[in-house]
>>> print(open('entry.pdb').read())   # PDB, C-alpha atoms
MODEL        1
ATOM      1  CA  MET A1056      31.980 -21.604  14.147  1.00  0.00           C
ATOM      2  CA  THR A1057      29.057 -23.092  12.238  1.00  0.00           C
ATOM      3  CA  THR A1058      26.336 -24.759  14.264  1.00  0.00           C
ATOM      4  CA  LEU A1059      26.917 -28.202  12.738  1.00  0.00           C
ATOM      5  CA  LYS A1060      30.658 -27.982  13.313  1.00  0.00           C
ATOM      6  CA  SER A1061      30.129 -26.911  16.924  1.00  0.00           C
ATOM      7  CA  LYS A1062      27.703 -29.821  17.396  1.00  0.00           C
ATOM      8  CA  LEU A1063      30.432 -32.174  16.141  1.00  0.00           C
ATOM      9  CA  HIS A1064      32.878 -30.636  18.644  1.00  0.00           C
ATOM     10  CA  ASP A1065      30.369 -30.997  21.499  1.00  0.00           C
ATOM     11  CA  ASP A1066      29.655 -34.614  20.533  1.00  0.00           C
ATOM     12  CA  LEU A1067      33.393 -35.315  20.363  1.00  0.00           C
ATOM     13  CA  ASN A1068      33.895 -33.930  23.880  1.00  0.00           C
ATOM     14  CA  ALA A1069      31.001 -36.048  25.160  1.00  0.00           C
ATOM     15  CA  ALA A1070      32.407 -39.164  23.438  1.00  0.00           C
ATOM     16  CA  ILE A1071      35.831 -38.567  24.985  1.00  0.00           C
ATOM     17  CA  LYS A1072      34.298 -38.188  28.459  1.00  0.00           C
ATOM     18  CA  GLU A1073      32.280 -41.384  27.944  1.00  0.00           C
ATOM     19  CA  ARG A1074      35.397 -43.138  26.640  1.00  0.00           C
ATOM     20  CA  ASP A1075      33.515 -44.105  23.459  1.00  0.00           C
ATOM     21  CA  GLU A1076      36.497 -44.937  21.235  1.00  0.00           C
ATOM     22  CA  LEU A1077      34.514 -45.513  18.021  1.00  0.00           C
ATOM     23  CA  ARG A1078      32.582 -42.225  18.237  1.00  0.00           C
ATOM     24  CA  SER A1079      35.559 -40.150  19.320  1.00  0.00           C
ATOM     25  CA  SER A1080      37.879 -41.457  16.603  1.00  0.00           C
ATOM     26  CA  THR A1081      35.208 -41.076  13.897  1.00  0.00           C
ATOM     27  CA  LEU A1082      34.406 -37.517  14.954  1.00  0.00           C
ATOM     28  CA  ARG A1083      38.103 -36.626  15.177  1.00  0.00           C
ATOM     29  CA  LEU A1084      38.673 -37.823  11.609  1.00  0.00           C
ATOM     30  CA  THR A1085      35.605 -35.934  10.397  1.00  0.00           C
ATOM     31  CA  LEU A1086      36.641 -32.713  12.136  1.00  0.00           C
ATOM     32  CA  ALA A1087      40.141 -33.124  10.657  1.00  0.00           C
ATOM     33  CA  ALA A1088      38.578 -33.408   7.190  1.00  0.00           C
ATOM     34  CA  ILE A1089      36.548 -30.248   7.858  1.00  0.00           C
ATOM     35  CA  THR A1090      39.662 -28.377   9.009  1.00  0.00           C
ATOM     36  CA  LYS A1091      41.563 -29.598   5.953  1.00  0.00           C
ATOM     37  CA  GLU A1092      38.778 -28.238   3.749  1.00  0.00           C
ATOM     38  CA  GLU A1093      38.854 -24.914   5.603  1.00  0.00           C
ATOM     39  CA  VAL A1094      42.581 -24.384   5.032  1.00  0.00           C
ATOM     40  CA  ALA A1095      42.588 -25.613   1.418  1.00  0.00           C
ATOM     41  CA  GLY A1096      43.210 -22.908  -1.132  1.00  0.00           C
ATOM     42  CA  LYS A1097      44.936 -19.595  -0.693  1.00  0.00           C
ATOM     43  CA  GLU A1098      43.128 -18.379   2.441  1.00  0.00           C
ATOM     44  CA  LYS A1099      41.734 -20.039   5.532  1.00  0.00           C
ATOM     45  CA  ARG A1100      37.968 -19.685   5.743  1.00  0.00           C
ATOM     46  CA  GLU A1101      35.046 -20.845   7.849  1.00  0.00           C
ATOM     47  CA  LEU A1102      32.829 -23.458   6.184  1.00  0.00           C
ATOM     48  CA  SER A1103      29.066 -22.960   6.071  1.00  0.00           C
ATOM     49  CA  ASP A1104      26.755 -25.660   7.425  1.00  0.00           C
ATOM     50  CA  ASP A1105      26.061 -26.810   3.852  1.00  0.00           C
ATOM     51  CA  GLU A1106      29.786 -27.192   3.175  1.00  0.00           C
ATOM     52  CA  VAL A1107      30.267 -29.072   6.466  1.00  0.00           C
ATOM     53  CA  LEU A1108      27.372 -31.319   5.455  1.00  0.00           C
ATOM     54  CA  GLY A1109      29.160 -31.978   2.155  1.00  0.00           C
ATOM     55  CA  VAL A1110      32.317 -33.012   4.014  1.00  0.00           C
ATOM     56  CA  ILE A1111      30.327 -35.340   6.301  1.00  0.00           C
ATOM     57  CA  THR A1112      28.599 -36.838   3.248  1.00  0.00           C
ATOM     58  CA  ARG A1113      31.981 -37.525   1.613  1.00  0.00           C
ATOM     59  CA  GLU A1114      33.343 -39.070   4.803  1.00  0.00           C
ATOM     60  CA  ALA A1115      30.268 -41.309   5.175  1.00  0.00           C
ATOM     61  CA  LYS A1116      30.613 -42.417   1.547  1.00  0.00           C
ATOM     62  CA  LYS A1117      34.301 -43.244   2.129  1.00  0.00           C
ATOM     63  CA  ARG A1118      33.287 -45.430   5.084  1.00  0.00           C
ATOM     64  CA  ARG A1119      30.675 -47.315   3.018  1.00  0.00           C
ATOM     65  CA  GLU A1120      33.161 -47.916   0.195  1.00  0.00           C
ATOM     66  CA  ALA A1121      35.860 -49.024   2.645  1.00  0.00           C
ATOM     67  CA  ALA A1122      33.413 -51.413   4.352  1.00  0.00           C
ATOM     68  CA  ASP A1123      32.624 -52.994   0.972  1.00  0.00           C
ATOM     69  CA  ALA A1124      36.321 -53.287   0.120  1.00  0.00           C
ATOM     70  CA  PHE A1125      37.178 -54.896   3.481  1.00  0.00           C
ATOM     71  CA  ALA A1126      34.239 -57.304   3.178  1.00  0.00           C
ATOM     72  CA  GLN A1127      35.400 -58.375  -0.298  1.00  0.00           C
ATOM     73  CA  GLY A1128      38.970 -58.638   0.973  1.00  0.00           C
ATOM     74  CA  GLY A1129      38.016 -61.108   3.676  1.00  0.00           C
ATOM     75  CA  ARG A1130      38.383 -58.733   6.659  1.00  0.00           C
ATOM     76  CA  PRO A1131      34.907 -58.778   8.229  1.00  0.00           C
ATOM     77  CA  GLU A1132      35.938 -57.185  11.559  1.00  0.00           C
ATOM     78  CA  GLN A1133      37.417 -54.142   9.783  1.00  0.00           C
ATOM     79  CA  ALA A1134      34.368 -53.984   7.495  1.00  0.00           C
ATOM     80  CA  GLU A1135      32.078 -53.906  10.555  1.00  0.00           C
ATOM     81  CA  ARG A1136      34.037 -51.026  12.081  1.00  0.00           C
ATOM     82  CA  GLU A1137      33.878 -49.009   8.839  1.00  0.00           C
ATOM     83  CA  LYS A1138      30.150 -49.726   8.570  1.00  0.00           C
ATOM     84  CA  ALA A1139      29.628 -48.580  12.192  1.00  0.00           C
ATOM     85  CA  GLU A1140      31.560 -45.353  11.500  1.00  0.00           C
ATOM     86  CA  GLY A1141      29.454 -44.733   8.383  1.00  0.00           C
ATOM     87  CA  GLU A1142      26.225 -45.227  10.349  1.00  0.00           C
ATOM     88  CA  LEU A1143      27.465 -42.850  13.047  1.00  0.00           C
ATOM     89  CA  LEU A1144      28.148 -40.155  10.426  1.00  0.00           C
ATOM     90  CA  ALA A1145      24.789 -40.818   8.743  1.00  0.00           C
ATOM     91  CA  GLY A1146      23.165 -39.577  11.953  1.00  0.00           C
ATOM     92  CA  TYR A1147      24.413 -36.069  11.116  1.00  0.00           C
ATOM     93  CA  LEU A1148      23.029 -36.136   7.558  1.00  0.00           C
ATOM     94  CA  PRO A1149      19.488 -35.287   6.448  1.00  0.00           C
ATOM     95  CA  ARG A1150      17.105 -38.222   6.134  1.00  0.00           C
ATOM     96  CA  GLN A1151      17.664 -40.050   2.857  1.00  0.00           C
ATOM     97  CA  LEU A1152      14.760 -40.605   0.473  1.00  0.00           C
ATOM     98  CA  SER A1153      13.359 -44.118   0.295  1.00  0.00           C
ATOM     99  CA  ASP A1154      13.468 -45.928  -3.056  1.00  0.00           C
ATOM    100  CA  ASP A1155       9.736 -45.352  -3.527  1.00  0.00           C
ATOM    101  CA  GLU A1156      10.012 -41.609  -2.830  1.00  0.00           C
ATOM    102  CA  LEU A1157      12.994 -41.320  -5.184  1.00  0.00           C
ATOM    103  CA  ASN A1158      11.234 -43.260  -7.953  1.00  0.00           C
ATOM    104  CA  GLU A1159       8.172 -41.017  -7.621  1.00  0.00           C
ATOM    105  CA  ILE A1160      10.264 -37.840  -8.007  1.00  0.00           C
ATOM    106  CA  VAL A1161      12.152 -39.356 -10.969  1.00  0.00           C
ATOM    107  CA  ALA A1162       8.896 -40.427 -12.660  1.00  0.00           C
ATOM    108  CA  GLN A1163       7.555 -36.860 -12.400  1.00  0.00           C
ATOM    109  CA  ALA A1164      10.815 -35.489 -13.830  1.00  0.00           C
ATOM    110  CA  VAL A1165      10.700 -37.958 -16.745  1.00  0.00           C
ATOM    111  CA  GLN A1166       7.153 -36.748 -17.534  1.00  0.00           C
ATOM    112  CA  GLU A1167       8.321 -33.123 -17.407  1.00  0.00           C
ATOM    113  CA  ALA A1168      11.254 -33.906 -19.710  1.00  0.00           C
ATOM    114  CA  LYS A1169       8.969 -35.730 -22.163  1.00  0.00           C
ATOM    115  CA  ALA A1170       6.643 -32.727 -22.180  1.00  0.00           C
ATOM    116  CA  ALA A1171       9.667 -30.586 -23.071  1.00  0.00           C
ATOM    117  CA  GLY A1172      10.516 -32.950 -25.946  1.00  0.00           C
ATOM    118  CA  ALA A1173      13.309 -35.039 -24.411  1.00  0.00           C
ATOM    119  CA  GLU A1174      12.801 -38.806 -24.668  1.00  0.00           C
ATOM    120  CA  GLY A1175      14.742 -42.050 -24.363  1.00  0.00           C
ATOM    121  CA  PRO A1176      18.253 -42.481 -22.981  1.00  0.00           C
ATOM    122  CA  ARG A1177      19.349 -39.127 -24.446  1.00  0.00           C
ATOM    123  CA  ALA A1178      16.992 -37.374 -22.013  1.00  0.00           C
ATOM    124  CA  MET A1179      19.227 -38.331 -19.070  1.00  0.00           C
ATOM    125  CA  GLY A1180      20.775 -34.874 -18.729  1.00  0.00           C
ATOM    126  CA  ALA A1181      17.439 -33.086 -18.946  1.00  0.00           C
ATOM    127  CA  VAL A1182      15.873 -35.378 -16.334  1.00  0.00           C
ATOM    128  CA  MET A1183      18.887 -35.069 -13.992  1.00  0.00           C
ATOM    129  CA  LYS A1184      18.624 -31.247 -14.176  1.00  0.00           C
ATOM    130  CA  ILE A1185      15.017 -31.497 -13.010  1.00  0.00           C
ATOM    131  CA  VAL A1186      15.617 -34.159 -10.331  1.00  0.00           C
ATOM    132  CA  ASN A1187      18.829 -32.902  -8.673  1.00  0.00           C
ATOM    133  CA  PRO A1188      17.402 -29.729  -7.071  1.00  0.00           C
ATOM    134  CA  LYS A1189      14.427 -31.717  -5.729  1.00  0.00           C
ATOM    135  CA  VAL A1190      16.536 -34.414  -4.064  1.00  0.00           C
ATOM    136  CA  ALA A1191      19.507 -32.281  -3.016  1.00  0.00           C
ATOM    137  CA  LYS A1192      21.331 -33.946  -0.091  1.00  0.00           C
ATOM    138  CA  GLN A1193      18.541 -36.502   0.321  1.00  0.00           C
ATOM    139  CA  ALA A1194      19.835 -39.060  -2.159  1.00  0.00           C
ATOM    140  CA  GLU A1195      23.291 -39.935  -3.451  1.00  0.00           C
ATOM    141  CA  GLY A1196      24.050 -39.025  -7.058  1.00  0.00           C
ATOM    142  CA  GLY A1197      24.678 -42.658  -8.014  1.00  0.00           C
ATOM    143  CA  ARG A1198      21.287 -43.728  -6.683  1.00  0.00           C
ATOM    144  CA  VAL A1199      19.581 -40.882  -8.538  1.00  0.00           C
ATOM    145  CA  ALA A1200      21.362 -41.669 -11.822  1.00  0.00           C
ATOM    146  CA  ALA A1201      20.478 -45.366 -11.531  1.00  0.00           C
ATOM    147  CA  ALA A1202      16.804 -44.543 -10.919  1.00  0.00           C
ATOM    148  CA  VAL A1203      16.745 -42.153 -13.895  1.00  0.00           C
ATOM    149  CA  LYS A1204      18.349 -44.772 -16.179  1.00  0.00           C
ATOM    150  CA  ARG A1205      15.799 -47.389 -15.058  1.00  0.00           C
ATOM    151  CA  MET A1206      12.881 -45.037 -15.727  1.00  0.00           C
ATOM    152  CA  LEU A1207      14.176 -43.962 -19.131  1.00  0.00           C
ATOM    153  CA  ALA A1208      14.920 -47.544 -20.205  1.00  0.00           C
ATOM    154  CA  GLY A1209      11.593 -48.855 -18.957  1.00  0.00           C
ATOM    155  CA  GLY A1210       9.396 -46.050 -20.145  1.00  0.00           C
TER     156      GLY A1210
ENDMDL
END
>>> encode(input="entry.pdb", output="structure tokens")
Amino acid sequence: MTTLKSKLHDDLNAAIKERDELRSSTLRLTLAAITKEEVAGKEKRELSDDEVLGVITREAKKRREAADAFAQGGRPEQAEREKAEGELLAGYLPRQLSDDELNEIVAQAVQEAKAAGAEGPRAMGAVMKIVNPKVAKQAEGGRVAAAVKRMLAGG
């Protein structure tokens, strides 16, 4: 079992013993998603820590989107629960880059792309190729794309 997956199992057992309903249900759903990923395809396989991290990232994103949907739908108590689940899962993810850190990395990538001859909005792909490896798992793709578009439009 991967170390991250075993940590999730240990945390689930602790949450059950502490009768922490929010943590235990969130971790159960996350472990179910991991298991589903492991048995998808033709053969069952063990996920690496990076793949488990990807599943947790997807689950956290689902919680954020659901919280927004519930808030817009006039169900604030359900939105709060989804938000709390998302924050709980975020504790298992690597620290996210701040807006300033992300903008700095994007600005450097835009300069590199310009040096290579790519400019304006058409340079988006070239800049994203430079930025993505640098921010891997530390910033969501949507945030990165928005920052790149802002930099290319403004500069």
>>> atom_distance(input="entry.pdb", atom1="CA of Gly1196 in chain A", atom2="CA of Val1161 in chain A")
12.5 Å
>>> closest_residue(input="entry.pdb", among="A:Val1182, A:Gly1146, A:Lys1117, A:Lys1097", to="Ala1170 in chain A", atoms="all atoms listed in the file")
A:Val1182
>>> resolve_selection(input="entry.pdb", expression="the PyMOL selection byres ((chain A and resi 1082) around 8)", output="ChimeraX atom specification")
/A:1063-1064,1066-1067,1078-1081,1083-1086
>>> closest_residue(input="entry.pdb", among="A:Ala1070, A:Val1165, A:Ile1160, A:Ala1115", to="Ala1145 in chain A", atoms="only C-alpha atoms")
A:Ala1115
>>> resolve_selection(input="entry.pdb", expression="the PyMOL selection byres ((chain A and resi 1183) around 10)", output="PDB file with C-alpha atoms, in the coordinates of the input")
ATOM      1  CA  VAL A1161      12.152 -39.356 -10.969  1.00  0.00           C
ATOM      2  CA  ALA A1164      10.815 -35.489 -13.830  1.00  0.00           C
ATOM      3  CA  VAL A1165      10.700 -37.958 -16.745  1.00  0.00           C
ATOM      4  CA  ALA A1168      11.254 -33.906 -19.710  1.00  0.00           C
ATOM      5  CA  ALA A1178      16.992 -37.374 -22.013  1.00  0.00           C
ATOM      6  CA  MET A1179      19.227 -38.331 -19.070  1.00  0.00           C
ATOM      7  CA  GLY A1180      20.775 -34.874 -18.729  1.00  0.00           C
ATOM      8  CA  ALA A1181      17.439 -33.086 -18.946  1.00  0.00           C
ATOM      9  CA  VAL A1182      15.873 -35.378 -16.334  1.00  0.00           C
ATOM     10  CA  LYS A1184      18.624 -31.247 -14.176  1.00  0.00           C
ATOM     11  CA  ILE A1185      15.017 -31.497 -13.010  1.00  0.00           C
ATOM     12  CA  VAL A1186      15.617 -34.159 -10.331  1.00  0.00           C
ATOM     13  CA  ASN A1187      18.829 -32.902  -8.673  1.00  0.00           C
ATOM     14  CA  PRO A1188      17.402 -29.729  -7.071  1.00  0.00           C
ATOM     15  CA  LYS A1189      14.427 -31.717  -5.729  1.00  0.00           C
ATOM     16  CA  GLY A1196      24.050 -39.025  -7.058  1.00  0.00           C
ATOM     17  CA  VAL A1199      19.581 -40.882  -8.538  1.00  0.00           C
ATOM     18  CA  ALA A1200      21.362 -41.669 -11.822  1.00  0.00           C
ATOM     19  CA  VAL A1203      16.745 -42.153 -13.895  1.00  0.00           C
ATOM     20  CA  LYS A1204      18.349 -44.772 -16.179  1.00  0.00           C
TER      21      LYS A1204
END
>>> resolve_selection(input="entry.pdb", expression="the PyMOL selection byres ((chain A and resi 1138) around 10)", output="PDB file with C-alpha atoms, in the coordinates of the input")
ATOM      1  CA  ALA A1115      30.268 -41.309   5.175  1.00  0.00           C
ATOM      2  CA  ARG A1118      33.287 -45.430   5.084  1.00  0.00           C
ATOM      3  CA  ARG A1119      30.675 -47.315   3.018  1.00  0.00           C
ATOM      4  CA  GLU A1120      33.161 -47.916   0.195  1.00  0.00           C
ATOM      5  CA  ALA A1121      35.860 -49.024   2.645  1.00  0.00           C
ATOM      6  CA  ALA A1122      33.413 -51.413   4.352  1.00  0.00           C
ATOM      7  CA  ASP A1123      32.624 -52.994   0.972  1.00  0.00           C
ATOM      8  CA  GLU A1132      35.938 -57.185  11.559  1.00  0.00           C
ATOM      9  CA  GLN A1133      37.417 -54.142   9.783  1.00  0.00           C
ATOM     10  CA  ALA A1134      34.368 -53.984   7.495  1.00  0.00           C
ATOM     11  CA  GLU A1135      32.078 -53.906  10.555  1.00  0.00           C
ATOM     12  CA  ARG A1136      34.037 -51.026  12.081  1.00  0.00           C
ATOM     13  CA  GLU A1137      33.878 -49.009   8.839  1.00  0.00           C
ATOM     14  CA  ALA A1139      29.628 -48.580  12.192  1.00  0.00           C
ATOM     15  CA  GLU A1140      31.560 -45.353  11.500  1.00  0.00           C
ATOM     16  CA  GLY A1141      29.454 -44.733   8.383  1.00  0.00           C
ATOM     17  CA  GLU A1142      26.225 -45.227  10.349  1.00  0.00           C
ATOM     18  CA  LEU A1143      27.465 -42.850  13.047  1.00  0.00           C
ATOM     19  CA  LEU A1144      28.148 -40.155  10.426  1.00  0.00           C
TER      20      LEU A1144
END
>>> axis_aligned_box(input="entry.pdb", around="range 1056-1068 of chain A", padding_each_side="6 Å", output="JSON")
{"center_x": 30.1, "center_y": -28.5, "center_z": 18.1, "size_x": 19.6, "size_y": 25.7, "size_z": 23.6}
>>> atom_distance(input="entry.pdb", atom1="CA of Ala1202 in chain A", atom2="CA of Lys1169 in chain A")
16.3 Å
>>> atom_distance(input="entry.pdb", atom1="CA of Lys1062 in chain A", atom2="CA of Asp1154 in chain A")
29.7 Å
>>> closest_residue(input="entry.pdb", among="A:Ala1162, A:Ile1071, A:Ala1194, A:Leu1157", to="Gly1209 in chain A", atoms="all atoms listed in the file")
A:Ala1162
>>> closest_residue(input="entry.pdb", among="A:Val1190, A:Ile1089, A:Ala1171, A:Met1206", to="Asp1104 in chain A", atoms="all atoms listed in the file")
A:Ile1089
>>> build_atoms(input="entry.pdb", residues="range 1146-1165 of chain A", atoms="N, CA and C atoms", output="PDB file, in the coordinates of the input")
ATOM      1  N   GLY A1146      24.029 -40.245  10.985  1.00  0.00           N
ATOM      2  CA  GLY A1146      23.165 -39.577  11.953  1.00  0.00           C
ATOM      3  C   GLY A1146      23.223 -38.062  11.867  1.00  0.00           C
ATOM      4  N   TYR A1147      24.270 -37.522  11.264  1.00  0.00           N
ATOM      5  CA  TYR A1147      24.413 -36.069  11.116  1.00  0.00           C
ATOM      6  C   TYR A1147      23.867 -35.580   9.782  1.00  0.00           C
ATOM      7  N   LEU A1148      23.501 -36.498   8.898  1.00  0.00           N
ATOM      8  CA  LEU A1148      23.029 -36.136   7.558  1.00  0.00           C
ATOM      9  C   LEU A1148      21.509 -36.068   7.524  1.00  0.00           C
ATOM     10  N   PRO A1149      20.952 -35.313   6.575  1.00  0.00           N
ATOM     11  CA  PRO A1149      19.488 -35.287   6.448  1.00  0.00           C
ATOM     12  C   PRO A1149      18.970 -36.676   6.091  1.00  0.00           C
ATOM     13  N   ARG A1150      17.714 -36.931   6.432  1.00  0.00           N
ATOM     14  CA  ARG A1150      17.105 -38.222   6.134  1.00  0.00           C
ATOM     15  C   ARG A1150      17.166 -38.483   4.627  1.00  0.00           C
ATOM     16  N   GLN A1151      17.570 -39.686   4.271  1.00  0.00           N
ATOM     17  CA  GLN A1151      17.664 -40.050   2.857  1.00  0.00           C
ATOM     18  C   GLN A1151      16.287 -40.482   2.348  1.00  0.00           C
ATOM     19  N   LEU A1152      16.025 -40.203   1.086  1.00  0.00           N
ATOM     20  CA  LEU A1152      14.760 -40.605   0.473  1.00  0.00           C
ATOM     21  C   LEU A1152      14.707 -42.120   0.330  1.00  0.00           C
ATOM     22  N   SER A1153      13.529 -42.680   0.529  1.00  0.00           N
ATOM     23  CA  SER A1153      13.359 -44.118   0.295  1.00  0.00           C
ATOM     24  C   SER A1153      13.352 -44.352  -1.217  1.00  0.00           C
ATOM     25  N   ASP A1154      13.485 -45.611  -1.623  1.00  0.00           N
ATOM     26  CA  ASP A1154      13.468 -45.928  -3.056  1.00  0.00           C
ATOM     27  C   ASP A1154      12.144 -45.509  -3.695  1.00  0.00           C
ATOM     28  N   ASP A1155      11.041 -45.720  -2.988  1.00  0.00           N
ATOM     29  CA  ASP A1155       9.736 -45.352  -3.527  1.00  0.00           C
ATOM     30  C   ASP A1155       9.618 -43.840  -3.724  1.00  0.00           C
ATOM     31  N   GLU A1156      10.070 -43.072  -2.725  1.00  0.00           N
ATOM     32  CA  GLU A1156      10.012 -41.609  -2.830  1.00  0.00           C
ATOM     33  C   GLU A1156      10.886 -41.117  -3.988  1.00  0.00           C
ATOM     34  N   LEU A1157      12.083 -41.704  -4.108  1.00  0.00           N
ATOM     35  CA  LEU A1157      12.994 -41.320  -5.184  1.00  0.00           C
ATOM     36  C   LEU A1157      12.391 -41.651  -6.543  1.00  0.00           C
ATOM     37  N   ASN A1158      11.834 -42.851  -6.678  1.00  0.00           N
ATOM     38  CA  ASN A1158      11.234 -43.260  -7.953  1.00  0.00           C
ATOM     39  C   ASN A1158      10.066 -42.360  -8.336  1.00  0.00           C
ATOM     40  N   GLU A1159       9.304 -41.917  -7.351  1.00  0.00           N
ATOM     41  CA  GLU A1159       8.172 -41.017  -7.621  1.00  0.00           C
ATOM     42  C   GLU A1159       8.668 -39.677  -8.171  1.00  0.00           C
ATOM     43  N   ILE A1160       9.700 -39.117  -7.550  1.00  0.00           N
ATOM     44  CA  ILE A1160      10.264 -37.840  -8.007  1.00  0.00           C
ATOM     45  C   ILE A1160      10.845 -37.993  -9.416  1.00  0.00           C
ATOM     46  N   VAL A1161      11.550 -39.108  -9.653  1.00  0.00           N
ATOM     47  CA  VAL A1161      12.152 -39.356 -10.969  1.00  0.00           C
ATOM     48  C   VAL A1161      11.063 -39.520 -12.026  1.00  0.00           C
ATOM     49  N   ALA A1162       9.991 -40.228 -11.695  1.00  0.00           N
ATOM     50  CA  ALA A1162       8.896 -40.427 -12.660  1.00  0.00           C
ATOM     51  C   ALA A1162       8.284 -39.085 -13.066  1.00  0.00           C
ATOM     52  N   GLN A1163       8.094 -38.191 -12.092  1.00  0.00           N
ATOM     53  CA  GLN A1163       7.555 -36.860 -12.400  1.00  0.00           C
ATOM     54  C   GLN A1163       8.514 -36.093 -13.305  1.00  0.00           C
ATOM     55  N   ALA A1164       9.814 -36.202 -13.033  1.00  0.00           N
ATOM     56  CA  ALA A1164      10.815 -35.489 -13.830  1.00  0.00           C
ATOM     57  C   ALA A1164      10.857 -36.033 -15.253  1.00  0.00           C
ATOM     58  N   VAL A1165      10.702 -37.353 -15.399  1.00  0.00           N
ATOM     59  CA  VAL A1165      10.700 -37.958 -16.745  1.00  0.00           C
ATOM     60  C   VAL A1165       9.499 -37.424 -17.529  1.00  0.00           C
TER      61      VAL A1165
END
